[in-house]
Each structure stands twice: as structure tokens, then as C-alpha cells.
Amino acid sequence: MEARIGRYAVVKVGPSNWLIHDTLYEARDARRLVAYIEGSVGYDDVDVTWVRPVGLPTHHASIDHALGQLAARDGASRPSHTRPVPIPSHPPIQLPATA
């Protein structure tokens with residue numbers, strides 16, 4: 001089984017074990033490994049050990065849910081294609097001189 005969302009792929013490595021790979025990196029690059037997943041029969045309620053600091057929960061309802069959360073986080077962290085809102089610039093406040 002190999003599921004894929006965007007740049008991430010899930011590769012089965014055992015009867016109830018999977019890896020999430022970041023396909024932007026070559027197979028021999030350590031950065032390719034994103035997470036290790038352990039599941040139960042039926043692939044529900046999986047535990048994810050994140051190898052990278054992604055800030056996502058370690059328990060998910062399914063492999064697809066974990067992969068979707070990762071892809072959504074990645075999409076949310078990408079820069080927007082719109083220009084930023086300009087911030088008005090004001091000169092510093094002049095305080096009265098004290099004698």
C-alpha cells in the first residue's frame with residue numbers, strides 16, 4: 001500500500017506499520033523520513049511518531065487522517081501569493097524636553 005497526498009507518501013513496512021516519506025528528498029536523505037505509524041487491524045486509531053517537529057497530534061483516527069493533517073499543515077505554512085497588507089509608518093513621538 002502506498003498512499004500519497006501532495007509531496008508526502010505512506011509506505012507499508014510491516015503488517016501494521018508504515019512510514020511517511022517526504023518525496024522532495026532522495027531515498028538516501030535522512031530528511032525523507034517524516035513519521036513512523038503503528039496501527040491496529042483495520043487501520044483505525046493509529047499512533048504516529050513524528051521524526052520531524054511538525055506540531056501535530058500523535059494519535060489519529062486513520063492513516064489518511066494523519067497524512068491529510070500533515071499535508072494541510074504544510075499547505076498552511078506556505079507563503080501566500082498575495083502581497084502583504086502595508087503597515088502605515090509614522091514618525092516617532094516627540095516628547096517635550098525637560099530642563
# chains A, B, ... in the order shown; residues from 1 in each chain; ligands from 1

$ residues_around --residues "range 22-27 of chain A" --least-positions-apart "5" --cutoff "9 Å" --atoms "only C-alpha atoms" --output "PyMOL selection string"
chain A and resi 6-9+32-34

$ residues_around --residues "range 11-15 of chain A" --least-positions-apart "5" --cutoff "12 Å" --atoms "only C-alpha atoms" --output "number ranges by chain"
A: 1-4, 20-23, 32-43, 63, 67

$ atom_distance --atom1 "CA of Val46 in chain A" --atom2 "CA of Thr58 in chain A"
8.3 Å

$ select_by_dssp --residues "chain A" --states "alpha helix (DSSP H)" --output "list in words"
Ile63, Asp64, His65, Ala66, Leu67, Gly68, Gln69, Leu70, Ala71, Ala72, Arg73, Asp74, Gly75, Ala76 and Ser77 of chain A

$ closest_residue --among "A:His65, A:His60, A:Arg83, A:His90" --to "Ile5 in chain A" --atoms "only C-alpha atoms"
A:His65

$ residues_around --residues "Arg73 in chain A" --least-positions-apart "4" --cutoff "12 Å" --atoms "only C-alpha atoms" --output "PyMOL selection string"
chain A and resi 6+8+53-57+66-69+77-78

$ select_by_dssp --residues "chain A" --states "strand (DSSP E)" --output "CSV table (one decimal) with N, CA and C atoms, in the first residue's frame"
chain,number,residue,atom,x,y,z
A,2,GLU,N,0.6,2.1,-0.9
A,2,GLU,CA,1.3,3.4,-0.9
A,2,GLU,C,0.2,4.5,-1.2
A,3,ALA,N,-0.1,5.3,-0.2
A,3,ALA,CA,-1.0,6.4,-0.3
A,3,ALA,C,-0.1,7.6,-0.5
A,4,ARG,N,-0.7,8.6,-1.2
A,4,ARG,CA,0.0,9.8,-1.4
A,4,ARG,C,-0.9,11.1,-1.4
A,5,ILE,N,-0.4,12.1,-0.7
A,5,ILE,CA,-1.1,13.4,-0.7
A,5,ILE,C,0.0,14.4,-0.9
A,8,TYR,N,3.9,14.1,0.1
A,8,TYR,CA,4.0,13.0,1.2
A,8,TYR,C,3.5,11.7,0.7
A,9,ALA,N,4.2,10.6,1.0
A,9,ALA,CA,3.8,9.3,0.6
A,9,ALA,C,3.9,8.4,1.8
A,10,VAL,N,2.9,7.5,1.9
A,10,VAL,CA,2.9,6.5,3.0
A,10,VAL,C,3.3,5.1,2.4
A,11,VAL,N,4.3,4.5,3.1
A,11,VAL,CA,4.9,3.3,2.6
A,11,VAL,C,4.7,2.2,3.7
A,12,LYS,N,4.1,1.1,3.3
A,12,LYS,CA,3.9,0.0,4.3
A,12,LYS,C,5.2,-0.8,4.5
A,13,VAL,N,5.6,-0.9,5.7
A,13,VAL,CA,6.9,-1.6,6.1
A,13,VAL,C,6.6,-2.9,6.9
A,14,GLY,N,5.4,-3.1,7.3
A,14,GLY,CA,5.1,-4.3,8.1
A,14,GLY,C,3.6,-4.5,8.1
A,17,ASN,N,2.5,-1.4,10.2
A,17,ASN,CA,3.5,-0.4,10.4
A,17,ASN,C,3.7,0.3,9.0
A,18,TRP,N,3.8,1.6,9.1
A,18,TRP,CA,4.0,2.4,7.9
A,18,TRP,C,5.0,3.5,8.1
A,19,LEU,N,5.6,4.1,7.1
A,19,LEU,CA,6.4,5.3,7.2
A,19,LEU,C,5.8,6.4,6.3
A,20,ILE,N,5.9,7.6,6.7
A,20,ILE,CA,5.6,8.7,5.9
A,20,ILE,C,6.9,9.3,5.3
A,21,HIS,N,7.0,9.4,4.0
A,21,HIS,CA,8.1,9.9,3.4
A,21,HIS,C,7.8,11.3,2.7
A,22,ASP,N,8.8,12.2,2.8
A,22,ASP,CA,8.7,13.5,2.1
A,22,ASP,C,9.4,13.3,0.7
A,33,LEU,N,12.4,10.8,5.8
A,33,LEU,CA,11.5,10.2,6.8
A,33,LEU,C,10.9,11.3,7.6
A,34,VAL,N,9.6,11.3,7.6
A,34,VAL,CA,8.8,12.3,8.4
A,34,VAL,C,8.2,11.7,9.6
A,35,ALA,N,7.7,10.4,9.5
A,35,ALA,CA,7.0,9.8,10.6
A,35,ALA,C,7.0,8.3,10.5
A,36,TYR,N,6.8,7.7,11.7
A,36,TYR,CA,6.6,6.2,11.8
A,36,TYR,C,5.2,6.0,12.3
A,37,ILE,N,4.4,5.1,11.7
A,37,ILE,CA,3.0,4.9,12.1
A,37,ILE,C,2.8,3.5,12.5
A,38,GLU,N,2.1,3.3,13.7
A,38,GLU,CA,1.7,2.0,14.1
A,38,GLU,C,0.2,2.0,14.2
A,44,ASP,N,-7.5,1.5,11.8
A,44,ASP,CA,-8.2,2.6,12.6
A,44,ASP,C,-7.3,2.9,13.8
A,45,ASP,N,-7.4,4.1,14.3
A,45,ASP,CA,-6.7,4.5,15.5
A,45,ASP,C,-5.2,4.2,15.4
A,46,VAL,N,-4.6,5.1,14.7
A,46,VAL,CA,-3.1,4.9,14.5
A,46,VAL,C,-2.3,5.8,15.4
A,47,ASP,N,-1.2,5.4,15.9
A,47,ASP,CA,-0.3,6.2,16.6
A,47,ASP,C,0.9,6.6,15.7
A,48,VAL,N,1.2,7.9,15.8
A,48,VAL,CA,2.2,8.4,14.9
A,48,VAL,C,3.4,9.0,15.7
A,49,THR,N,4.6,8.5,15.4
A,49,THR,CA,5.8,9.1,16.0
A,49,THR,C,6.4,10.0,14.9
A,50,TRP,N,6.3,11.3,15.2
A,50,TRP,CA,6.8,12.3,14.2
A,50,TRP,C,8.3,12.4,14.4
A,59,HIS,N,-1.9,10.8,17.9
A,59,HIS,CA,-2.9,9.8,17.7
A,59,HIS,C,-3.9,10.4,16.7
A,60,HIS,N,-4.2,9.5,15.7
A,60,HIS,CA,-5.2,9.9,14.6
A,60,HIS,C,-6.2,8.8,14.4
A,61,ALA,N,-7.3,9.1,13.8
A,61,ALA,CA,-8.4,8.2,13.6
A,61,ALA,C,-8.0,7.2,12.5
A,62,SER,N,-7.1,7.6,11.5
A,62,SER,CA,-6.7,6.7,10.4
A,62,SER,C,-5.4,7.3,9.9

$ atom_distance --atom1 "CA of Val85 in chain A" --atom2 "CA of Ala71 in chain A"
26.4 Å

$ closest_residue --among "A:Arg52, A:Pro84, A:Gln94, A:Ser16" --to "Arg31 in chain A" --atoms "only C-alpha atoms"
A:Arg52

$ atom_distance --atom1 "CA of Pro86 in chain A" --atom2 "CA of Ala72 in chain A"
27.2 Å
